[in-house]
Amino acid sequence: MLQDIRNNAQGTIAKVIIGLLIVSLSIWGMDAIVGGFSGEPEVATVNGEDITEREFLRVVQMESQRRLSRMENPDPSMLDEDQIRTDVLDSLIQEQVLIQDANAQGLELNDADIDALITQMPQFQVDGQFNRDRFVATVRNMGMGVGEFREAMRKQYVVNQIRAGIVQSGLVADENAEQLLQIQNQTRSFRVLDIPASSVADAVSVSDADVEAFYEENSGAFQQPERVDAAYITLSLGALAESIEVDDAELQAYYEQQAADLASEERRASHILIEEGSDADETMATIQERLAAGESFADLAREYSIDTVSAEDGGDLGYAGRGIYAEPFEEALFALEEGEVSEPVRTSFGVHLIRLEDVRESEVPSLDEMEDQLRRELAREKAREQFAEVRAELADSAYAADDLAGPAEELGLEVREANGVTRDGGQAPFDHAGLVRQLFSEDVLDAGYNTELIDVGDNVSVVARVNKYHEAEQLPLDQVRDQIRTTLEQRKTREALSERADAIIADLESGQSPEGIGEWSSYEGLARNASEAGPAILQQVFSLPRPADGARFGKAVMANSAAVIALDEVTDGQVSEDGTELNQLREFLASLEGQREYAAYQQFLRNRAEVERP
């Protein structure tokens, strides 16, 4: 091979290529050669300015990491990569439009301005001072070079200047804010007449014909969704631990290793607690001086300690192990020798002086007493060491296999089955969105491959495949008859309640007194968030117009009852022109208006831009 290269390097073709390189270098320089091979592809062009693929992919990676960090249990398989790429490209186009607008307005930062901003950023400081190593490491962890970061800051700062200028220019009329606050703080007095479902029961009837008609008219609502029967293998740390045997020699060694920790140490402490404040240090110094002069710690606790319960016993707190006290208190206590008094210790309760009175340790439990627990712990530790290795073996084996039987036999795992898994999931482990998405992917559903190995929990991984696919199908009427009947009964009950409420309101508005309507319940001066009346009633009460001559009537229909509402009085909320509530509302409304104007400005620039996508 090497000889062939040597021979070809002496040939005519090689000499011609070398000659062309020399001519190019002599005329255009090295940039012509390097640039010709290193030009970055673009993902979009905005008004003639390119958004490079390198920048695009970097931001995609950062956005993916950001979305993962917001998950309670980060799982890359649950990321919608296509949506991320679409969102990132749209944001980069919008950013480019804004940057071009800032440049057109002459907004820019020089290098000195950028240096000043960077050195003031807390994430780049150590002990309050800018640290270049911290700066470089942080920027590199973001997937950027220092030059890229500086340029990104330059662009983002000027864009933020425009945004802040527009948002802060938002205005709201004082009259509008006052009127809104009056409405918000408004109270209403009203009466409510309850109409129970039992009062209209005789008017509610659902026939078989009604059920059949509803079934035919809403056939699409009674579909059994497409589903699959799946086979799957679960690899878990717990199951792996159960398969690991621990011999007696290992158990004895582990017991001896853990013996020191098995003996629990408890310490008996006394303390003097004073309030934190400007004179706390002076008070503590006085107490320490009196202790040094030979006065009793217990007597001083009774005199000074604000912990009145322990003070009665000379500050005695009794015996306690680790994990009981606040961390600073515990650290100080367990650093003391018997009879020693600590320096002042600050916690959220105040300032303490702590005295160690006594130390006691419980006896180490025998191996017989601890055997089962220690075997489980040791097996789990050994399983944890093996889990990553076994997981990698299962991932490789399942990827290459045409079924799950081989990988399961190879690793001593069990193939299980789950039937009726829909695109919305099923029972565990198919309650994991990432696993379900893989199960219904083209490669798995149509091509018959296994899924990737998906982490569905803490140290729990699953690989699955489709055994059988079931298309969506219509559910038979007999299977949904009772469900439809219940739905129709509820619907007709609500309709009957609504009609009954309308009839009562019509009588009341005409001045008549309806028969058999029961007693009214009265509510005086209730606010919007009052709890005395139900939310459906309050919503209707505050949607009724202000009464003029007599009451205004309305209704609220719930699942099992209705209510006729008589609105008697509306009282506007009191507004103080210099009040904090009004000022906060003005600021909030002005901010909303500013943000609306900035969004409109962004859209205006975006609509004018010429955007090309390859």
# chains A, B, ... in the order shown; residues from 1 in each chain; ligands from 1

call {"tool": "residues_around", "arguments": {"residues": "stretch 192-196 of chain A", "least_positions_apart": "5", "cutoff": "12 Å", "atoms": "only C-alpha atoms", "output": "PyMOL selection string"}}
result
chain A and resi 201+493-494+496-505+508+514+516-524+532-534+536-538+540-541+551-568

call {"tool": "select_by_dssp", "arguments": {"residues": "stretch 349-593 of chain A", "states": "alpha helix (DSSP H)", "output": "JSON, numbers by chain"}}
result
{"A": [367, 368, 369, 370, 371, 372, 373, 374, 375, 376, 377, 378, 379, 380, 381, 382, 383, 384, 385, 386, 387, 388, 389, 390, 391, 392, 393, 394, 395, 396, 397, 398, 399, 400, 405, 406, 407, 408, 409, 410, 411, 433, 434, 435, 436, 437, 438, 439, 442, 443, 444, 445, 477, 478, 479, 480, 481, 482, 483, 484, 485, 486, 487, 488, 489, 490, 491, 492, 493, 494, 495, 496, 497, 498, 499, 500, 501, 502, 503, 504, 505, 506, 507, 508, 509, 535, 536, 537, 538, 539, 540, 541, 580, 581, 582, 583, 584, 585, 586, 587, 588, 589, 590, 591, 592, 593]}

call {"tool": "closest_residue", "arguments": {"among": "A:Gln512, A:Ser207, A:Thr138, A:Val60", "to": "A:Leu488", "atoms": "only C-alpha atoms"}}
result
A:Ser207

call {"tool": "residues_around", "arguments": {"residues": "stretch 308-319 of chain A", "least_positions_apart": "6", "cutoff": "8 Å", "atoms": "only C-alpha atoms", "output": "list in words"}}
result
Glu266, Arg267, Arg268, Ala269, Ser270, His271, Ile272, Phe297, Ala298, Asp299, Leu300, Ala301 and Arg302 of chain A

call {"tool": "write_last_selection", "arguments": {"atoms": "N, CA and C atoms", "output": "short mmCIF file (atom, residue, chain, number, x, y, z; two decimals), in the first residue's frame"}}
result
data_model
loop_
_atom_site.label_atom_id
_atom_site.label_comp_id
_atom_site.auth_asym_id
_atom_site.auth_seq_id
_atom_site.Cartn_x
_atom_site.Cartn_y
_atom_site.Cartn_z
N GLU A 266 -24.43 8.49 70.82
CA GLU A 266 -25.34 9.55 71.25
C GLU A 266 -24.60 10.47 72.21
N ARG A 267 -24.88 11.75 72.12
CA ARG A 267 -24.21 12.73 72.97
C ARG A 267 -25.25 13.53 73.76
N ARG A 268 -24.93 13.73 75.02
CA ARG A 268 -25.80 14.52 75.87
C ARG A 268 -25.25 15.94 75.93
N ALA A 269 -26.07 16.89 75.50
CA ALA A 269 -25.61 18.27 75.41
C ALA A 269 -26.45 19.18 76.29
N SER A 270 -25.83 20.26 76.72
CA SER A 270 -26.54 21.38 77.33
C SER A 270 -26.21 22.62 76.51
N HIS A 271 -27.13 23.57 76.48
CA HIS A 271 -26.82 24.79 75.72
C HIS A 271 -27.44 26.01 76.38
N ILE A 272 -26.85 27.13 76.02
CA ILE A 272 -27.40 28.45 76.39
C ILE A 272 -27.73 29.13 75.07
N PHE A 297 -22.38 26.48 84.37
CA PHE A 297 -23.03 26.55 83.05
C PHE A 297 -24.55 26.46 83.23
N ALA A 298 -25.01 25.58 84.15
CA ALA A 298 -26.44 25.40 84.38
C ALA A 298 -27.08 26.67 84.92
N ASP A 299 -26.37 27.35 85.87
CA ASP A 299 -26.93 28.59 86.43
C ASP A 299 -27.02 29.67 85.36
N LEU A 300 -26.02 29.76 84.52
CA LEU A 300 -26.04 30.77 83.45
C LEU A 300 -27.12 30.46 82.42
N ALA A 301 -27.38 29.17 82.17
CA ALA A 301 -28.45 28.79 81.26
C ALA A 301 -29.80 29.25 81.81
N ARG A 302 -30.01 29.05 83.13
CA ARG A 302 -31.27 29.47 83.74
C ARG A 302 -31.43 30.99 83.66
#

call {"tool": "select_by_dssp", "arguments": {"residues": "stretch 355-596 of chain A", "states": "strand (DSSP E)", "output": "PDB file with N, CA, C and O atoms, in the first residue's frame"}}
result
ATOM      1  N   ARG A 355     -22.340  22.761  75.605  1.00  0.00           N
ATOM      2  CA  ARG A 355     -21.461  22.008  76.496  1.00  0.00           C
ATOM      3  C   ARG A 355     -21.760  20.525  76.309  1.00  0.00           C
ATOM      4  O   ARG A 355     -22.933  20.107  76.334  1.00  0.00           O
ATOM      5  N   LEU A 356     -20.715  19.707  76.084  1.00  0.00           N
ATOM      6  CA  LEU A 356     -20.870  18.262  75.967  1.00  0.00           C
ATOM      7  C   LEU A 356     -20.809  17.653  77.364  1.00  0.00           C
ATOM      8  O   LEU A 356     -19.779  17.724  78.041  1.00  0.00           O
ATOM      9  N   GLU A 357     -21.925  17.034  77.777  1.00  0.00           N
ATOM     10  CA  GLU A 357     -22.012  16.476  79.120  1.00  0.00           C
ATOM     11  C   GLU A 357     -21.554  15.025  79.170  1.00  0.00           C
ATOM     12  O   GLU A 357     -20.888  14.608  80.118  1.00  0.00           O
ATOM     13  N   ASP A 358     -21.935  14.222  78.157  1.00  0.00           N
ATOM     14  CA  ASP A 358     -21.632  12.796  78.223  1.00  0.00           C
ATOM     15  C   ASP A 358     -21.729  12.203  76.821  1.00  0.00           C
ATOM     16  O   ASP A 358     -22.385  12.754  75.937  1.00  0.00           O
ATOM     17  N   VAL A 359     -21.052  11.057  76.620  1.00  0.00           N
ATOM     18  CA  VAL A 359     -21.103  10.325  75.348  1.00  0.00           C
ATOM     19  C   VAL A 359     -21.400   8.875  75.674  1.00  0.00           C
ATOM     20  O   VAL A 359     -20.812   8.297  76.589  1.00  0.00           O
ATOM     21  N   ARG A 360     -22.332   8.290  74.932  1.00  0.00           N
ATOM     22  CA  ARG A 360     -22.605   6.874  75.116  1.00  0.00           C
ATOM     23  C   ARG A 360     -22.768   6.210  73.747  1.00  0.00           C
ATOM     24  O   ARG A 360     -23.233   6.829  72.802  1.00  0.00           O
ATOM     25  N   GLU A 361     -22.341   4.961  73.681  1.00  0.00           N
ATOM     26  CA  GLU A 361     -22.437   4.204  72.439  1.00  0.00           C
ATOM     27  C   GLU A 361     -23.192   2.905  72.709  1.00  0.00           C
ATOM     28  O   GLU A 361     -22.976   2.252  73.724  1.00  0.00           O
ATOM     29  N   VAL A 415     -38.454 -12.703  29.831  1.00  0.00           N
ATOM     30  CA  VAL A 415     -39.255 -11.968  28.853  1.00  0.00           C
ATOM     31  C   VAL A 415     -40.694 -11.933  29.351  1.00  0.00           C
ATOM     32  O   VAL A 415     -41.303 -12.970  29.595  1.00  0.00           O
ATOM     33  N   ARG A 416     -41.229 -10.745  29.497  1.00  0.00           N
ATOM     34  CA  ARG A 416     -42.600 -10.572  29.959  1.00  0.00           C
ATOM     35  C   ARG A 416     -43.457 -10.008  28.835  1.00  0.00           C
ATOM     36  O   ARG A 416     -42.937  -9.553  27.814  1.00  0.00           O
ATOM     37  N   GLU A 417     -44.765 -10.004  29.048  1.00  0.00           N
ATOM     38  CA  GLU A 417     -45.677  -9.514  28.024  1.00  0.00           C
ATOM     39  C   GLU A 417     -46.648  -8.497  28.617  1.00  0.00           C
ATOM     40  O   GLU A 417     -47.018  -8.592  29.788  1.00  0.00           O
ATOM     41  N   ALA A 418     -47.025  -7.556  27.785  1.00  0.00           N
ATOM     42  CA  ALA A 418     -48.035  -6.557  28.158  1.00  0.00           C
ATOM     43  C   ALA A 418     -48.945  -6.362  26.962  1.00  0.00           C
ATOM     44  O   ALA A 418     -48.458  -6.071  25.859  1.00  0.00           O
ATOM     45  N   ASN A 419     -50.237  -6.516  27.150  1.00  0.00           N
ATOM     46  CA  ASN A 419     -51.198  -6.415  26.049  1.00  0.00           C
ATOM     47  C   ASN A 419     -51.978  -5.108  26.117  1.00  0.00           C
ATOM     48  O   ASN A 419     -52.195  -4.539  27.192  1.00  0.00           O
ATOM     49  N   GLY A 420     -52.384  -4.650  24.943  1.00  0.00           N
ATOM     50  CA  GLY A 420     -53.254  -3.478  24.875  1.00  0.00           C
ATOM     51  C   GLY A 420     -52.570  -2.164  25.171  1.00  0.00           C
ATOM     52  O   GLY A 420     -53.188  -1.252  25.720  1.00  0.00           O
ATOM     53  N   VAL A 421     -51.298  -2.013  24.800  1.00  0.00           N
ATOM     54  CA  VAL A 421     -50.588  -0.748  25.012  1.00  0.00           C
ATOM     55  C   VAL A 421     -50.972   0.203  23.881  1.00  0.00           C
ATOM     56  O   VAL A 421     -50.787  -0.109  22.701  1.00  0.00           O
ATOM     57  N   THR A 422     -51.516   1.369  24.211  1.00  0.00           N
ATOM     58  CA  THR A 422     -51.899   2.364  23.203  1.00  0.00           C
ATOM     59  C   THR A 422     -50.817   3.438  23.104  1.00  0.00           C
ATOM     60  O   THR A 422     -49.834   3.428  23.851  1.00  0.00           O
ATOM     61  N   ILE A 454     -34.250   1.627  27.168  1.00  0.00           N
ATOM     62  CA  ILE A 454     -34.727   2.894  27.720  1.00  0.00           C
ATOM     63  C   ILE A 454     -34.684   2.843  29.236  1.00  0.00           C
ATOM     64  O   ILE A 454     -35.142   1.881  29.852  1.00  0.00           O
ATOM     65  N   ASP A 455     -34.111   3.880  29.857  1.00  0.00           N
ATOM     66  CA  ASP A 455     -34.110   4.003  31.312  1.00  0.00           C
ATOM     67  C   ASP A 455     -35.457   4.567  31.754  1.00  0.00           C
ATOM     68  O   ASP A 455     -35.761   5.734  31.502  1.00  0.00           O
ATOM     69  N   VAL A 456     -36.274   3.736  32.397  1.00  0.00           N
ATOM     70  CA  VAL A 456     -37.614   4.151  32.794  1.00  0.00           C
ATOM     71  C   VAL A 456     -37.702   4.534  34.262  1.00  0.00           C
ATOM     72  O   VAL A 456     -38.760   4.949  34.735  1.00  0.00           O
ATOM     73  N   GLY A 457     -36.624   4.388  34.978  1.00  0.00           N
ATOM     74  CA  GLY A 457     -36.616   4.735  36.398  1.00  0.00           C
ATOM     75  C   GLY A 457     -35.196   4.695  36.919  1.00  0.00           C
ATOM     76  O   GLY A 457     -34.231   4.523  36.158  1.00  0.00           O
ATOM     77  N   VAL A 460     -33.426   1.259  36.492  1.00  0.00           N
ATOM     78  CA  VAL A 460     -34.368   0.343  35.854  1.00  0.00           C
ATOM     79  C   VAL A 460     -34.382   0.643  34.359  1.00  0.00           C
ATOM     80  O   VAL A 460     -34.684   1.768  33.956  1.00  0.00           O
ATOM     81  N   SER A 461     -34.039  -0.365  33.539  1.00  0.00           N
ATOM     82  CA  SER A 461     -33.976  -0.186  32.092  1.00  0.00           C
ATOM     83  C   SER A 461     -34.831  -1.242  31.419  1.00  0.00           C
ATOM     84  O   SER A 461     -34.927  -2.380  31.897  1.00  0.00           O
ATOM     85  N   VAL A 462     -35.437  -0.870  30.276  1.00  0.00           N
ATOM     86  CA  VAL A 462     -36.366  -1.761  29.576  1.00  0.00           C
ATOM     87  C   VAL A 462     -36.074  -1.742  28.081  1.00  0.00           C
ATOM     88  O   VAL A 462     -35.818  -0.680  27.504  1.00  0.00           O
ATOM     89  N   VAL A 463     -36.119  -2.932  27.464  1.00  0.00           N
ATOM     90  CA  VAL A 463     -36.110  -3.053  26.008  1.00  0.00           C
ATOM     91  C   VAL A 463     -37.361  -3.841  25.638  1.00  0.00           C
ATOM     92  O   VAL A 463     -37.753  -4.781  26.335  1.00  0.00           O
ATOM     93  N   ALA A 464     -38.026  -3.443  24.546  1.00  0.00           N
ATOM     94  CA  ALA A 464     -39.308  -4.064  24.200  1.00  0.00           C
ATOM     95  C   ALA A 464     -39.394  -4.268  22.695  1.00  0.00           C
ATOM     96  O   ALA A 464     -38.588  -3.743  21.918  1.00  0.00           O
ATOM     97  N   ARG A 465     -40.392  -5.045  22.280  1.00  0.00           N
ATOM     98  CA  ARG A 465     -40.688  -5.221  20.867  1.00  0.00           C
ATOM     99  C   ARG A 465     -42.186  -5.495  20.727  1.00  0.00           C
ATOM    100  O   ARG A 465     -42.866  -5.854  21.699  1.00  0.00           O
ATOM    101  N   VAL A 466     -42.689  -5.316  19.518  1.00  0.00           N
ATOM    102  CA  VAL A 466     -44.106  -5.523  19.257  1.00  0.00           C
ATOM    103  C   VAL A 466     -44.351  -6.981  18.890  1.00  0.00           C
ATOM    104  O   VAL A 466     -43.749  -7.500  17.954  1.00  0.00           O
ATOM    105  N   ASN A 467     -45.245  -7.631  19.628  1.00  0.00           N
ATOM    106  CA  ASN A 467     -45.668  -8.992  19.277  1.00  0.00           C
ATOM    107  C   ASN A 467     -46.807  -8.979  18.263  1.00  0.00           C
ATOM    108  O   ASN A 467     -46.820  -9.748  17.302  1.00  0.00           O
ATOM    109  N   LYS A 468     -47.781  -8.069  18.493  1.00  0.00           N
ATOM    110  CA  LYS A 468     -48.940  -8.034  17.604  1.00  0.00           C
ATOM    111  C   LYS A 468     -49.515  -6.626  17.594  1.00  0.00           C
ATOM    112  O   LYS A 468     -49.573  -5.957  18.639  1.00  0.00           O
ATOM    113  N   TYR A 469     -49.932  -6.188  16.417  1.00  0.00           N
ATOM    114  CA  TYR A 469     -50.520  -4.858  16.254  1.00  0.00           C
ATOM    115  C   TYR A 469     -52.020  -4.991  16.023  1.00  0.00           C
ATOM    116  O   TYR A 469     -52.482  -5.821  15.245  1.00  0.00           O
ATOM    117  N   HIS A 470     -52.816  -4.172  16.726  1.00  0.00           N
ATOM    118  CA  HIS A 470     -54.264  -4.163  16.571  1.00  0.00           C
ATOM    119  C   HIS A 470     -54.691  -2.785  16.057  1.00  0.00           C
ATOM    120  O   HIS A 470     -54.405  -1.768  16.696  1.00  0.00           O
ATOM    121  N   GLU A 473     -60.636   0.093  16.201  1.00  0.00           N
ATOM    122  CA  GLU A 473     -61.878  -0.560  15.809  1.00  0.00           C
ATOM    123  C   GLU A 473     -63.043   0.011  16.605  1.00  0.00           C
ATOM    124  O   GLU A 473     -62.863   0.592  17.674  1.00  0.00           O
ATOM    125  N   GLN A 474     -64.212  -0.140  16.028  1.00  0.00           N
ATOM    126  CA  GLN A 474     -65.428   0.358  16.658  1.00  0.00           C
ATOM    127  C   GLN A 474     -65.840  -0.555  17.815  1.00  0.00           C
ATOM    128  O   GLN A 474     -65.884  -1.775  17.670  1.00  0.00           O
ATOM    129  N   SER A 521     -81.315  31.538  50.095  1.00  0.00           N
ATOM    130  CA  SER A 521     -80.140  31.740  50.966  1.00  0.00           C
ATOM    131  C   SER A 521     -79.527  33.092  50.614  1.00  0.00           C
ATOM    132  O   SER A 521     -79.309  33.394  49.431  1.00  0.00           O
ATOM    133  N   SER A 522     -79.268  33.921  51.620  1.00  0.00           N
ATOM    134  CA  SER A 522     -78.767  35.284  51.388  1.00  0.00           C
ATOM    135  C   SER A 522     -77.272  35.374  51.675  1.00  0.00           C
ATOM    136  O   SER A 522     -76.763  34.759  52.627  1.00  0.00           O
ATOM    137  N   TYR A 523     -76.585  36.176  50.852  1.00  0.00           N
ATOM    138  CA  TYR A 523     -75.141  36.415  51.010  1.00  0.00           C
ATOM    139  C   TYR A 523     -74.905  37.917  50.891  1.00  0.00           C
ATOM    140  O   TYR A 523     -75.315  38.550  49.914  1.00  0.00           O
ATOM    141  N   GLU A 524     -74.233  38.485  51.877  1.00  0.00           N
ATOM    142  CA  GLU A 524     -74.021  39.929  51.917  1.00  0.00           C
ATOM    143  C   GLU A 524     -72.549  40.272  51.671  1.00  0.00           C
ATOM    144  O   GLU A 524     -71.659  39.759  52.352  1.00  0.00           O
ATOM    145  N   GLY A 525     -72.313  41.128  50.698  1.00  0.00           N
ATOM    146  CA  GLY A 525     -70.982  41.705  50.464  1.00  0.00           C
ATOM    147  C   GLY A 525     -69.877  40.699  50.226  1.00  0.00           C
ATOM    148  O   GLY A 525     -68.796  40.829  50.806  1.00  0.00           O
ATOM    149  N   LEU A 526     -70.109  39.713  49.360  1.00  0.00           N
ATOM    150  CA  LEU A 526     -69.080  38.719  49.067  1.00  0.00           C
ATOM    151  C   LEU A 526     -68.143  39.210  47.962  1.00  0.00           C
ATOM    152  O   LEU A 526     -68.584  39.806  46.974  1.00  0.00           O
ATOM    153  N   ARG A 552     -81.391  41.631  39.698  1.00  0.00           N
ATOM    154  CA  ARG A 552     -81.040  40.999  38.426  1.00  0.00           C
ATOM    155  C   ARG A 552     -80.977  39.495  38.668  1.00  0.00           C
ATOM    156  O   ARG A 552     -80.404  39.036  39.665  1.00  0.00           O
ATOM    157  N   PHE A 553     -81.564  38.731  37.728  1.00  0.00           N
ATOM    158  CA  PHE A 553     -81.638  37.296  37.929  1.00  0.00           C
ATOM    159  C   PHE A 553     -80.730  36.556  36.951  1.00  0.00           C
ATOM    160  O   PHE A 553     -80.518  36.974  35.809  1.00  0.00           O
ATOM    161  N   GLY A 554     -80.184  35.445  37.426  1.00  0.00           N
ATOM    162  CA  GLY A 554     -79.359  34.578  36.593  1.00  0.00           C
ATOM    163  C   GLY A 554     -79.446  33.159  37.114  1.00  0.00           C
ATOM    164  O   GLY A 554     -80.131  32.890  38.114  1.00  0.00           O
ATOM    165  N   LYS A 555     -78.748  32.268  36.445  1.00  0.00           N
ATOM    166  CA  LYS A 555     -78.779  30.867  36.867  1.00  0.00           C
ATOM    167  C   LYS A 555     -77.396  30.256  36.731  1.00  0.00           C
ATOM    168  O   LYS A 555     -76.570  30.680  35.922  1.00  0.00           O
ATOM    169  N   ALA A 556     -77.154  29.220  37.532  1.00  0.00           N
ATOM    170  CA  ALA A 556     -75.939  28.403  37.454  1.00  0.00           C
ATOM    171  C   ALA A 556     -76.382  26.954  37.479  1.00  0.00           C
ATOM    172  O   ALA A 556     -77.106  26.548  38.401  1.00  0.00           O
ATOM    173  N   VAL A 557     -75.994  26.194  36.461  1.00  0.00           N
ATOM    174  CA  VAL A 557     -76.401  24.794  36.361  1.00  0.00           C
ATOM    175  C   VAL A 557     -75.173  23.919  36.605  1.00  0.00           C
ATOM    176  O   VAL A 557     -74.175  24.019  35.886  1.00  0.00           O
ATOM    177  N   SER A 561     -77.474  19.751  40.348  1.00  0.00           N
ATOM    178  CA  SER A 561     -78.361  20.778  40.881  1.00  0.00           C
ATOM    179  C   SER A 561     -78.246  22.018  40.012  1.00  0.00           C
ATOM    180  O   SER A 561     -77.364  22.135  39.166  1.00  0.00           O
ATOM    181  N   ALA A 562     -79.176  22.933  40.237  1.00  0.00           N
ATOM    182  CA  ALA A 562     -79.117  24.246  39.593  1.00  0.00           C
ATOM    183  C   ALA A 562     -79.395  25.287  40.664  1.00  0.00           C
ATOM    184  O   ALA A 562     -79.855  24.969  41.775  1.00  0.00           O
ATOM    185  N   ALA A 563     -79.094  26.539  40.346  1.00  0.00           N
ATOM    186  CA  ALA A 563     -79.332  27.615  41.302  1.00  0.00           C
ATOM    187  C   ALA A 563     -79.865  28.827  40.555  1.00  0.00           C
ATOM    188  O   ALA A 563     -79.329  29.206  39.515  1.00  0.00           O
ATOM    189  N   VAL A 564     -80.935  29.405  41.081  1.00  0.00           N
ATOM    190  CA  VAL A 564     -81.422  30.690  40.594  1.00  0.00           C
ATOM    191  C   VAL A 564     -80.786  31.758  41.475  1.00  0.00           C
ATOM    192  O   VAL A 564     -80.795  31.646  42.711  1.00  0.00           O
ATOM    193  N   ILE A 565     -80.229  32.777  40.820  1.00  0.00           N
ATOM    194  CA  ILE A 565     -79.478  33.809  41.543  1.00  0.00           C
ATOM    195  C   ILE A 565     -80.202  35.141  41.385  1.00  0.00           C
ATOM    196  O   ILE A 565     -80.574  35.528  40.266  1.00  0.00           O
ATOM    197  N   ALA A 566     -80.374  35.835  42.497  1.00  0.00           N
ATOM    198  CA  ALA A 566     -80.961  37.178  42.488  1.00  0.00           C
ATOM    199  C   ALA A 566     -79.898  38.156  42.994  1.00  0.00           C
ATOM    200  O   ALA A 566     -79.555  38.147  44.183  1.00  0.00           O
ATOM    201  N   LEU A 567     -79.344  38.956  42.083  1.00  0.00           N
ATOM    202  CA  LEU A 567     -78.316  39.938  42.457  1.00  0.00           C
ATOM    203  C   LEU A 567     -79.013  41.205  42.935  1.00  0.00           C
ATOM    204  O   LEU A 567     -79.735  41.864  42.174  1.00  0.00           O
ATOM    205  N   ASP A 568     -78.766  41.570  44.202  1.00  0.00           N
ATOM    206  CA  ASP A 568     -79.464  42.705  44.808  1.00  0.00           C
ATOM    207  C   ASP A 568     -78.645  43.985  44.801  1.00  0.00           C
ATOM    208  O   ASP A 568     -79.194  45.076  44.619  1.00  0.00           O
ATOM    209  N   GLU A 569     -77.332  43.869  45.020  1.00  0.00           N
ATOM    210  CA  GLU A 569     -76.536  45.097  45.180  1.00  0.00           C
ATOM    211  C   GLU A 569     -75.089  44.847  44.761  1.00  0.00           C
ATOM    212  O   GLU A 569     -74.541  43.770  45.005  1.00  0.00           O
ATOM    213  N   VAL A 570     -74.485  45.880  44.139  1.00  0.00           N
ATOM    214  CA  VAL A 570     -73.074  45.850  43.747  1.00  0.00           C
ATOM    215  C   VAL A 570     -72.378  47.025  44.416  1.00  0.00           C
ATOM    216  O   VAL A 570     -72.829  48.177  44.305  1.00  0.00           O
ATOM    217  N   THR A 571     -71.282  46.744  45.108  1.00  0.00           N
ATOM    218  CA  THR A 571     -70.508  47.791  45.776  1.00  0.00           C
ATOM    219  C   THR A 571     -69.104  47.793  45.206  1.00  0.00           C
ATOM    220  O   THR A 571     -68.387  46.782  45.295  1.00  0.00           O
TER     221      THR A 571
END

call {"tool": "atom_distance", "arguments": {"atom1": "atom CA of A:Ala239", "atom2": "atom CA of A:Pro407"}}
result
16.2 Å
